[in-house]
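S.K.: Just my_file.cif, nothing more (mmCIF, C-alpha atoms):
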data_start
loop_
_atom_site.label_atom_id
_atom_site.label_comp_id
_atom_site.auth_asym_id
_atom_site.auth_seq_id
_atom_site.Cartn_x
_atom_site.Cartn_y
_atom_site.Cartn_z
CA MET G 735 21.88 144.28 -184.78
CA GLY G 736 20.78 147.90 -185.25
CA ILE G 737 18.29 149.46 -182.84
CA ARG G 738 15.04 150.87 -184.20
CA PHE G 739 12.73 152.94 -182.00
CA THR G 740 10.10 155.66 -182.27
CA ILE G 741 10.01 159.03 -180.51
CA ASN G 742 7.07 161.40 -181.09
CA GLY G 743 6.06 159.50 -184.23
CA LYS G 744 9.52 159.81 -185.73
CA GLU G 745 11.34 156.60 -186.40
CA ILE G 746 15.00 156.64 -185.41
CA TYR G 747 17.40 153.97 -186.58
CA ILE G 748 20.73 153.53 -184.81
CA HIS G 749 23.06 151.75 -187.18
CA ASP G 750 24.66 148.53 -186.04
CA THR G 751 28.19 149.95 -186.36
CA VAL G 752 27.30 152.60 -183.76
CA VAL G 753 25.89 149.94 -181.44
CA ASN G 754 28.95 147.73 -181.90
CA SER G 755 31.28 150.69 -181.34
CA TRP G 756 29.55 151.41 -178.05
CA ILE G 757 29.83 147.75 -177.03
CA ILE G 758 33.58 147.97 -177.69
CA VAL G 759 33.88 151.25 -175.78
CA ILE G 760 32.03 149.80 -172.77
CA LEU G 761 34.13 146.62 -172.81
CA LEU G 762 37.37 148.61 -173.00
CA SER G 763 36.20 150.90 -170.18
CA ILE G 764 35.43 147.90 -167.97
CA PHE G 765 38.86 146.48 -168.84
CA ALA G 766 40.51 149.79 -167.92
CA ILE G 767 38.65 150.00 -164.59
CA VAL G 768 39.55 146.42 -163.66
CA VAL G 769 43.22 146.99 -164.54
CA ASN G 770 43.25 150.26 -162.61
CA ARG G 771 41.83 148.57 -159.49
CA LYS G 772 44.45 145.83 -159.68
CA LEU G 773 47.19 148.36 -160.36
CA LYS G 774 46.41 150.32 -157.18
CA LYS G 775 46.43 147.19 -155.06
CA ALA G 776 49.67 145.84 -156.55
CA ASN G 777 52.85 145.84 -154.52
CA ILE G 778 55.66 147.66 -156.30
CA ASP G 779 58.41 145.42 -154.94
CA GLU G 780 56.86 142.19 -156.23
CA LYS G 781 56.83 140.78 -159.73
CA PRO G 782 53.63 141.55 -161.66
CA THR G 783 51.37 138.55 -162.09
CA GLY G 784 48.46 137.52 -164.25
CA LEU G 785 46.56 140.31 -165.96
CA LEU G 786 49.01 143.01 -164.87
CA ASN G 787 51.78 141.14 -166.64
CA VAL G 788 49.85 141.15 -169.92
CA VAL G 789 49.02 144.84 -169.59
CA GLU G 790 52.65 145.63 -168.82
CA ILE G 791 53.79 143.82 -171.97
CA LEU G 792 51.18 145.74 -174.00
CA VAL G 793 52.29 149.11 -172.64
CA GLU G 794 55.97 148.28 -173.18
CA VAL G 795 55.38 147.22 -176.80
CA LEU G 796 53.45 150.43 -177.52
CA GLU G 797 56.09 152.54 -175.80
CA SER G 798 58.95 151.02 -177.77
CA LEU G 799 56.95 151.38 -181.03
CA VAL G 800 56.24 155.08 -180.44
CA LYS G 801 59.81 155.67 -179.32
CA SER G 802 61.33 154.04 -182.39
CA VAL G 803 58.97 155.70 -184.89
CA MET G 804 58.43 159.19 -183.45
CA GLY G 805 61.48 159.62 -181.26
CA PRO G 806 61.94 159.77 -177.48
CA THR G 807 60.90 163.44 -177.16
CA ARG G 808 57.41 162.75 -178.52
CA MET G 809 56.20 160.18 -176.03
CA GLY G 810 53.19 162.45 -175.40
CA PHE G 811 51.49 160.84 -178.38
CA MET G 812 51.67 157.40 -176.81
CA PRO G 813 48.26 157.52 -175.04
CA TYR G 814 46.46 158.43 -178.25
CA ILE G 815 48.31 155.80 -180.30
CA GLY G 816 47.60 153.21 -177.61
CA THR G 817 43.90 154.08 -177.56
CA LEU G 818 43.77 153.91 -181.34
CA ALA G 819 45.53 150.54 -181.44
CA LEU G 820 43.32 149.02 -178.71
CA TYR G 821 40.12 150.25 -180.35
CA LEU G 822 41.20 149.07 -183.80
CA ILE G 823 42.24 145.62 -182.55
CA CYS G 824 38.86 145.14 -180.86
CA ALA G 825 36.96 146.59 -183.83
CA ASN G 826 38.76 144.50 -186.45
CA LEU G 827 38.46 141.28 -184.45
CA PHE G 828 34.77 141.91 -183.69
CA GLY G 829 33.85 140.03 -186.88
CA LEU G 830 35.00 136.81 -185.22
CA LEU G 831 32.18 137.05 -182.66
CA GLY G 832 29.55 137.30 -185.37
CA PHE G 833 29.03 141.07 -185.15
CA THR G 834 29.59 143.48 -188.00
CA PRO G 835 33.06 144.99 -187.47
CA PRO G 836 32.62 148.77 -186.94
CA THR G 837 35.59 149.44 -189.22
CA SER G 838 33.69 147.95 -192.18
CA ASP G 839 31.63 151.17 -192.14
CA TYR G 840 33.30 154.02 -194.01
CA ASN G 841 32.03 156.61 -191.49
CA VAL G 842 34.13 155.09 -188.70
CA THR G 843 37.38 154.90 -190.67
CA LEU G 844 36.89 158.37 -192.13
CA ALA G 845 36.38 159.76 -188.61
CA LEU G 846 39.61 158.11 -187.44
CA ALA G 847 41.49 159.43 -190.49
CA ILE G 848 40.18 162.96 -189.89
CA ILE G 849 41.49 162.79 -186.31
CA THR G 850 44.90 161.87 -187.73
CA PHE G 851 44.65 164.69 -190.29
CA THR G 852 43.80 167.25 -187.59
CA LEU G 853 46.61 166.05 -185.33
CA MET G 854 49.08 166.23 -188.24
CA HIS G 855 48.34 169.83 -189.13
CA TYR G 856 47.78 171.10 -185.58
CA ASN G 857 51.12 169.70 -184.45
CA GLY G 858 52.78 170.84 -187.67
CA ILE G 859 51.72 174.44 -187.01
CA LYS G 860 52.50 174.17 -183.30
CA SER G 861 56.05 172.93 -183.67
CA ASN G 862 57.11 174.81 -186.83
CA GLY G 863 55.17 178.06 -186.59
CA VAL G 864 52.61 179.26 -189.14
CA LYS G 865 55.22 180.71 -191.50
CA ASN G 866 57.33 177.61 -191.82
CA TYR G 867 54.21 175.46 -192.01
CA ALA G 868 52.82 177.48 -194.93
CA LYS G 869 56.23 177.45 -196.58
CA GLY G 870 56.07 173.64 -196.65
CA PHE G 871 53.30 173.83 -199.25
CA PHE G 872 55.52 175.70 -201.70
CA GLU G 873 58.41 173.26 -201.65
CA PRO G 874 60.48 172.35 -203.58
CA MET G 875 59.10 174.94 -206.04
CA ALA G 876 56.29 177.47 -205.79
CA PHE G 877 54.27 176.23 -208.77
CA LEU G 878 53.92 172.80 -207.15
CA PHE G 879 51.43 174.24 -204.61
CA PRO G 880 48.31 172.56 -206.13
CA ILE G 881 50.03 169.16 -206.18
CA ASN G 882 51.12 169.55 -202.56
CA LEU G 883 47.56 170.49 -201.62
CA ILE G 884 46.14 167.40 -203.34
CA GLY G 885 48.78 165.30 -201.61
CA GLU G 886 47.68 166.61 -198.21
CA ILE G 887 44.02 165.88 -198.93
CA ALA G 888 44.83 162.42 -200.29
CA THR G 889 46.46 161.32 -197.01
CA PRO G 890 43.28 160.88 -194.93
CA ILE G 891 41.38 159.47 -197.92
CA SER G 892 43.93 156.76 -198.62
CA LEU G 893 44.33 156.08 -194.88
CA SER G 894 40.60 155.56 -194.37
CA PHE G 895 39.99 153.60 -197.59
CA ARG G 896 42.86 151.24 -196.79
CA LEU G 897 41.37 150.15 -193.46
CA PHE G 898 37.80 150.17 -194.77
CA GLY G 899 38.61 148.20 -197.92
CA ASN G 900 40.62 145.56 -196.11
CA ILE G 901 38.07 144.87 -193.38
CA LEU G 902 35.01 145.08 -195.67
CA SER G 903 36.59 142.82 -198.30
CA GLY G 904 37.48 140.37 -195.52
CA SER G 905 33.88 140.17 -194.32
CA ILE G 906 32.51 139.91 -197.89
CA ILE G 907 34.94 137.11 -198.74
CA MET G 908 34.02 135.30 -195.50
CA ALA G 909 30.32 135.54 -196.40
CA LEU G 910 31.07 134.15 -199.87
CA ILE G 911 33.14 131.30 -198.38
CA TYR G 912 30.34 130.38 -195.95
CA LYS G 913 27.78 130.35 -198.78
CA GLY G 914 30.02 128.31 -201.05
CA LEU G 915 30.95 125.77 -198.37
CA ASN G 916 27.32 125.43 -197.25
CA SER G 917 26.27 124.70 -200.82
CA VAL G 918 28.85 121.87 -200.97
CA SER G 919 28.14 120.32 -197.58
CA MET G 920 26.89 121.59 -194.22
CA PHE G 921 29.39 119.32 -192.45
CA LEU G 922 32.41 120.72 -194.27
CA THR G 923 31.95 124.33 -193.09
CA PRO G 924 33.04 124.08 -189.42
CA PHE G 925 36.33 122.43 -190.41
CA VAL G 926 37.35 124.58 -193.38
CA ALA G 927 36.03 128.04 -192.45
CA PRO G 928 38.34 128.65 -189.42
CA VAL G 929 41.40 128.57 -191.69
CA PHE G 930 40.00 131.43 -193.74
CA HIS G 931 38.85 133.23 -190.60
CA PHE G 932 42.42 133.16 -189.37
CA TYR G 933 43.70 134.90 -192.49
CA PHE G 934 40.88 137.29 -193.35
CA ASP G 935 39.89 138.30 -189.81
CA VAL G 936 42.81 137.76 -187.43
CA PHE G 937 45.85 138.30 -189.67
CA SER G 938 44.53 141.12 -191.80
CA GLY G 939 42.85 142.79 -188.81
CA LEU G 940 46.07 142.84 -186.77
CA ILE G 941 48.19 143.95 -189.75
CA GLN G 942 45.78 146.76 -190.55
CA THR G 943 45.83 147.90 -186.91
CA LEU G 944 49.64 148.05 -187.02
CA ILE G 945 49.61 149.86 -190.38
CA PHE G 946 47.00 152.43 -189.35
CA SER G 947 48.71 153.37 -186.09
CA MET G 948 52.14 153.31 -187.75
CA LEU G 949 51.07 155.59 -190.59
CA THR G 950 49.41 157.93 -188.10
CA MET G 951 52.66 158.17 -186.14
CA LEU G 952 54.79 158.60 -189.28
CA ASN G 953 52.54 161.30 -190.73
CA ILE G 954 52.47 163.29 -187.49
CA ALA G 955 56.24 162.98 -186.98
CA ASN G 956 56.79 163.92 -190.61
CA LYS G 957 54.74 167.10 -190.31
CA MET G 958 56.48 168.08 -187.07
CA GLY G 959 59.88 168.05 -188.74
CA ASP G 960 63.18 167.24 -187.09
CA GLU G 961 63.29 166.43 -183.44
CA PRO G 962 64.08 169.41 -181.19
CA THR G 963 66.68 169.14 -178.47
CA GLU G 964 64.34 170.14 -175.61
CA VAL G 965 61.51 167.91 -174.45
CA ILE G 966 57.99 168.68 -175.67
CA LYS G 967 55.23 167.83 -173.25
CA MET R 1317 18.20 146.71 -230.64
CA LEU R 1318 18.61 144.88 -227.33
CA GLN R 1319 15.19 143.27 -227.56
CA GLY R 1320 14.03 141.37 -224.51
CA ILE R 1321 16.50 143.08 -222.19
CA SER R 1322 15.19 145.66 -219.73
CA SER R 1323 17.39 148.68 -219.19
CA GLU R 1324 17.79 147.79 -215.48
CA ALA R 1325 19.17 144.39 -216.37
CA PHE R 1326 21.51 145.97 -218.91
CA VAL R 1327 22.87 148.47 -216.38
CA LEU R 1328 23.28 145.77 -213.73
CA GLY R 1329 25.12 143.51 -216.14
CA CYS R 1330 27.42 146.31 -217.26
CA SER R 1331 28.09 147.21 -213.60
CA ALA R 1332 29.12 143.62 -212.90
CA ILE R 1333 31.42 143.60 -215.94
CA GLY R 1334 32.89 146.93 -214.82
CA ALA R 1335 33.53 145.60 -211.34
CA GLY R 1336 35.28 142.56 -212.80
CA ILE R 1337 37.44 144.67 -215.10
CA GLY R 1338 38.22 147.07 -212.25
CA LEU R 1339 39.73 144.27 -210.21
CA ILE R 1340 42.45 143.81 -212.86
CA ALA R 1341 44.09 146.62 -210.87
CA GLY R 1342 44.93 143.91 -208.32
CA LEU R 1343 47.82 142.94 -210.61
CA GLY R 1344 49.89 146.00 -209.75
CA PRO R 1345 49.86 145.70 -205.94
CA GLY R 1346 50.44 141.95 -206.29
CA ILE R 1347 53.64 142.50 -208.26
CA GLY R 1348 54.74 145.35 -205.98
CA GLN R 1349 54.10 143.49 -202.75
CA GLY R 1350 55.82 140.39 -204.05
CA TYR R 1351 58.86 142.44 -205.01
CA ALA R 1352 58.94 144.06 -201.57
CA ALA R 1353 58.62 140.66 -199.85
CA GLY R 1354 61.46 139.27 -201.99
CA LYS R 1355 63.71 142.18 -201.11
CA GLY R 1356 62.73 141.76 -197.46
CA ALA R 1357 63.72 138.09 -197.57
CA GLU R 1358 67.03 139.07 -199.17
CA ALA R 1359 67.65 141.64 -196.44
CA VAL R 1360 66.87 139.13 -193.67
CA GLY R 1361 69.26 136.68 -195.31
CA ARG R 1362 72.00 139.28 -195.31
CA GLN R 1363 71.31 140.65 -191.82
CA PRO R 1364 69.28 138.21 -189.71
CA GLU R 1365 69.69 140.29 -186.54
CA ALA R 1366 67.67 143.19 -188.04
CA LYS R 1367 64.64 140.97 -188.74
CA GLY R 1368 62.19 143.03 -186.69
CA ASP R 1369 62.99 146.34 -188.36
CA ILE R 1370 62.97 144.78 -191.81
CA MET R 1371 59.57 143.16 -191.22
CA GLN R 1372 58.14 146.45 -189.99
CA THR R 1373 59.45 148.46 -192.95
CA MET R 1374 58.36 145.80 -195.42
CA LEU R 1375 54.80 145.61 -194.08
CA LEU R 1376 54.51 149.40 -194.10
CA GLY R 1377 55.73 149.66 -197.68
CA GLN R 1378 53.42 146.88 -198.76
CA ALA R 1379 50.46 148.58 -197.13
CA VAL R 1380 51.19 151.79 -199.00
CA ALA R 1381 51.68 149.89 -202.28
CA GLU R 1382 48.31 148.28 -201.69
CA THR R 1383 46.45 151.59 -201.89
CA THR R 1384 45.68 151.51 -205.63
CA GLY R 1385 44.38 147.97 -205.32
CA ILE R 1386 42.13 149.03 -202.45
CA TYR R 1387 40.78 151.92 -204.53
CA SER R 1388 39.77 149.55 -207.32
CA LEU R 1389 38.26 147.19 -204.76
CA VAL R 1390 36.17 150.01 -203.29
CA VAL R 1391 35.00 151.03 -206.78
CA ALA R 1392 34.04 147.43 -207.54
CA ILE R 1393 32.17 147.07 -204.23
CA ILE R 1394 30.29 150.30 -204.89
CA LEU R 1395 29.37 149.14 -208.43
CA LEU R 1396 28.11 145.80 -207.13
CA PHE R 1397 26.31 146.72 -203.92
CA VAL R 1398 25.41 150.42 -204.07
CA ARG R 1399 24.61 150.40 -207.82
CA PRO R 1400 24.91 154.14 -208.42
CA LEU R 1401 24.33 153.79 -212.19
CA LEU R 1402 20.76 152.56 -211.68
CA ALA R 1403 19.83 156.00 -210.33
CA GLY R 1404 20.55 157.53 -213.74
CA LEU R 1405 17.79 155.58 -215.47
#
Is it possible to express this structure as structure tokens?

M.R.:
Amino acid sequence: MGIRFTINGKEIYIHDTVVNSWIIVILLSIFAIVVNRKLKKANIDEKPTGLLNVVEILVEVLESLVKSVMGPTRMGFMPYIGTLALYLICANLFGLLGFTPPTSDYNVTLALAIITFTLMHYNGIKSNGVKNYAKGFFEPMAFLFPINLIGEIATPISLSFRLFGNILSGSIIMALIYKGLNSVSMFLTPFVAPVFHFYFDVFSGLIQTLIFSMLTMLNIANKMGDEPTEVIK
Amino acid sequence: MLQGISSEAFVLGCSAIGAGIGLIAGLGPGIGQGYAAGKGAEAVGRQPEAKGDIMQTMLLGQAVAETTGIYSLVVAIILLFVRPLLAGL
């Protein structure tokens, strides 16, 4: 599915994960525009119907998740977590449509993990101050500094490898299952393969979405320390 | 020694064996996740009203326990499909 074209004699290859990511971004943007149009037309005194109802459920679930994990004073992270969850759901389930899921490319998951890493440390410095933040590396004892440093670097690596490994292994196993079933009988495949699709694509994709956004929230909240009494915007 | 075997074939075969041995690491996460699921079931039995929270905590713990298994999986996939050892020939 990648795009290959030539400019000034140079051949440029756009990898299929980039193309698929852009397809997802465009689809989500169209979805957002449609929902926004409907939202502006909706009457506040009436019950929400149809698509608005679904969107309302989605927003409420995300809100309650962020509230229970990060605390009510940190609802400012909800838009980012929601974006992350929507993108990951679409990306993980993209394998069902016959495309390569973008998350089966390590570049994509590493980029997402680096965003989490940056948010963790930026918010850690912002809410604790530089001094307290630096002090966190020397706890509980000063000579443990190298181990703490390795622990900090390991967070994005394990976060990205977890998502990448799960989705990639799912697509590899599905390819193996298709090959194996086709070698037994062409007529068996359409009846047996959907069962495995349900586990390796739908179930593991949704679980990994939940895990990735949950770990992002937990890591950020962990770095920020205890909840303050005043509201942070 | 090793007559009739090209060095490429030898490296490829050893990579496949290494990938297979690497996946033994799947034992650890399997035991850990099963233990967590058992404890989760126990907790739901004791406190059925807290099912949502228990599920959430259990899945999170299992995902973290899975990390070592995923590392070995990634190493095996790299050995099989990227074949970094062939470059050393």

S.K.: What is the distance between atom CA of Ser763 of chain G and atom CA of Leu818 of chain G, in Å to one decimal?

M.R.: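 Between atom CA of Ser763 of chain G and atom CA of Leu818 of chain G the gap is 13.8 Å.
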
S.K.: Please indicate the distance in Å from atom CA of Gln1372 of chain R to atom CA of Met812 of chain G, rounded to one decimal place.

M.R.: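 About the pair atom CA of Gln1372 of chain R and atom CA of Met812 of chain G: they are 18.3 Å apart.
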
S.K.: With 9 Å as the limit and counting all atoms listed in the file, what residues in chain R lie close to chain G? Please list them as a PDB file with C-alpha atoms, keeping the file's coordinate frame.

M.R.:
ATOM      1  CA  LEU R1375      54.800 145.610-194.080  1.00  0.00           C
ATOM      2  CA  LEU R1376      54.510 149.400-194.100  1.00  0.00           C
ATOM      3  CA  ALA R1379      50.460 148.580-197.130  1.00  0.00           C
ATOM      4  CA  VAL R1380      51.190 151.790-199.000  1.00  0.00           C
ATOM      5  CA  GLU R1382      48.310 148.280-201.690  1.00  0.00           C
ATOM      6  CA  THR R1383      46.450 151.590-201.890  1.00  0.00           C
ATOM      7  CA  THR R1384      45.680 151.510-205.630  1.00  0.00           C
ATOM      8  CA  ILE R1386      42.130 149.030-202.450  1.00  0.00           C
ATOM      9  CA  TYR R1387      40.780 151.920-204.530  1.00  0.00           C
ATOM     10  CA  LEU R1389      38.260 147.190-204.760  1.00  0.00           C
ATOM     11  CA  VAL R1390      36.170 150.010-203.290  1.00  0.00           C
ATOM     12  CA  ILE R1393      32.170 147.070-204.230  1.00  0.00           C
TER      13      ILE R1393
END

S.K.: At what distance in Å, to one decimal, does atom CA of Thr950 of chain G lie from atom CA of Ile757 of chain G?

M.R.: 24.7 Å

S.K.: Quick one: residues within 8 Å of Met958 of chain G, only C-alpha atoms counted, chain neighbours fewer than 2 positions away excluded, as a ChimeraX atom specification?

M.R.: /G:854,857-859,861-862,954-956,960-961

S.K.: Can you tell me, as a PyMOL selection string, what residues are no more than 9 Å from segment 908-911 of chain G when counting all atoms listed in the file, ignoring any on the same chain fewer than 6 positions away?

M.R.: chain G and resi 923+927+930-931+934-935

S.K.: If the PyMOL selection byres ((chain G and resi 829) around 12) is run on the structure shown, which residues does it catch, given as number ranges by chain?

M.R.: G: 751, 754, 823-828, 830-838, 901-902, 904-906, 908-909, 931-932, 934-936, 938-939

S.K.: Can you rebuild segment 812-831 of chain G with N, CA and C atoms and give it as a tab-separated table (two decimals), in the frame of the given file?

M.R.:
chain	number	residue	atom	x	y	z
G	812	MET	N	51.88	158.82	-177.09
G	812	MET	CA	51.67	157.40	-176.81
G	812	MET	C	50.25	157.07	-176.34
G	813	PRO	N	49.63	157.87	-175.44
G	813	PRO	CA	48.26	157.52	-175.04
G	813	PRO	C	47.28	157.47	-176.20
G	814	TYR	N	47.39	158.45	-177.12
G	814	TYR	CA	46.46	158.43	-178.25
G	814	TYR	C	46.71	157.22	-179.15
G	815	ILE	N	48.00	156.94	-179.43
G	815	ILE	CA	48.31	155.80	-180.30
G	815	ILE	C	47.84	154.50	-179.64
G	816	GLY	N	48.04	154.41	-178.33
G	816	GLY	CA	47.60	153.21	-177.61
G	816	GLY	C	46.10	153.03	-177.67
G	817	THR	N	45.36	154.14	-177.47
G	817	THR	CA	43.90	154.08	-177.56
G	817	THR	C	43.46	153.62	-178.93
G	818	LEU	N	44.09	154.24	-179.95
G	818	LEU	CA	43.77	153.91	-181.34
G	818	LEU	C	44.00	152.43	-181.60
G	819	ALA	N	45.18	151.93	-181.16
G	819	ALA	CA	45.53	150.54	-181.44
G	819	ALA	C	44.56	149.59	-180.73
G	820	LEU	N	44.24	149.90	-179.45
G	820	LEU	CA	43.32	149.02	-178.71
G	820	LEU	C	41.94	148.99	-179.36
G	821	TYR	N	41.45	150.19	-179.73
G	821	TYR	CA	40.12	150.25	-180.35
G	821	TYR	C	40.12	149.50	-181.67
G	822	LEU	N	41.18	149.70	-182.48
G	822	LEU	CA	41.20	149.07	-183.80
G	822	LEU	C	41.33	147.56	-183.69
G	823	ILE	N	42.13	147.08	-182.72
G	823	ILE	CA	42.24	145.62	-182.55
G	823	ILE	C	40.87	145.04	-182.23
G	824	CYS	N	40.18	145.66	-181.24
G	824	CYS	CA	38.86	145.14	-180.86
G	824	CYS	C	37.89	145.23	-182.03
G	825	ALA	N	37.93	146.38	-182.75
G	825	ALA	CA	36.96	146.59	-183.83
G	825	ALA	C	37.20	145.61	-184.97
G	826	ASN	N	38.48	145.40	-185.33
G	826	ASN	CA	38.76	144.50	-186.45
G	826	ASN	C	38.46	143.05	-186.11
G	827	LEU	N	38.68	142.68	-184.84
G	827	LEU	CA	38.46	141.28	-184.45
G	827	LEU	C	37.01	141.02	-184.05
G	828	PHE	N	36.16	142.07	-184.11
G	828	PHE	CA	34.77	141.91	-183.69
G	828	PHE	C	34.01	140.99	-184.65
G	829	GLY	N	34.50	140.90	-185.91
G	829	GLY	CA	33.85	140.03	-186.88
G	829	GLY	C	33.88	138.57	-186.46
G	830	LEU	N	34.89	138.20	-185.65
G	830	LEU	CA	35.00	136.81	-185.22
G	830	LEU	C	33.85	136.39	-184.33
G	831	LEU	N	33.26	137.37	-183.60
G	831	LEU	CA	32.18	137.05	-182.66
G	831	LEU	C	30.83	137.06	-183.35
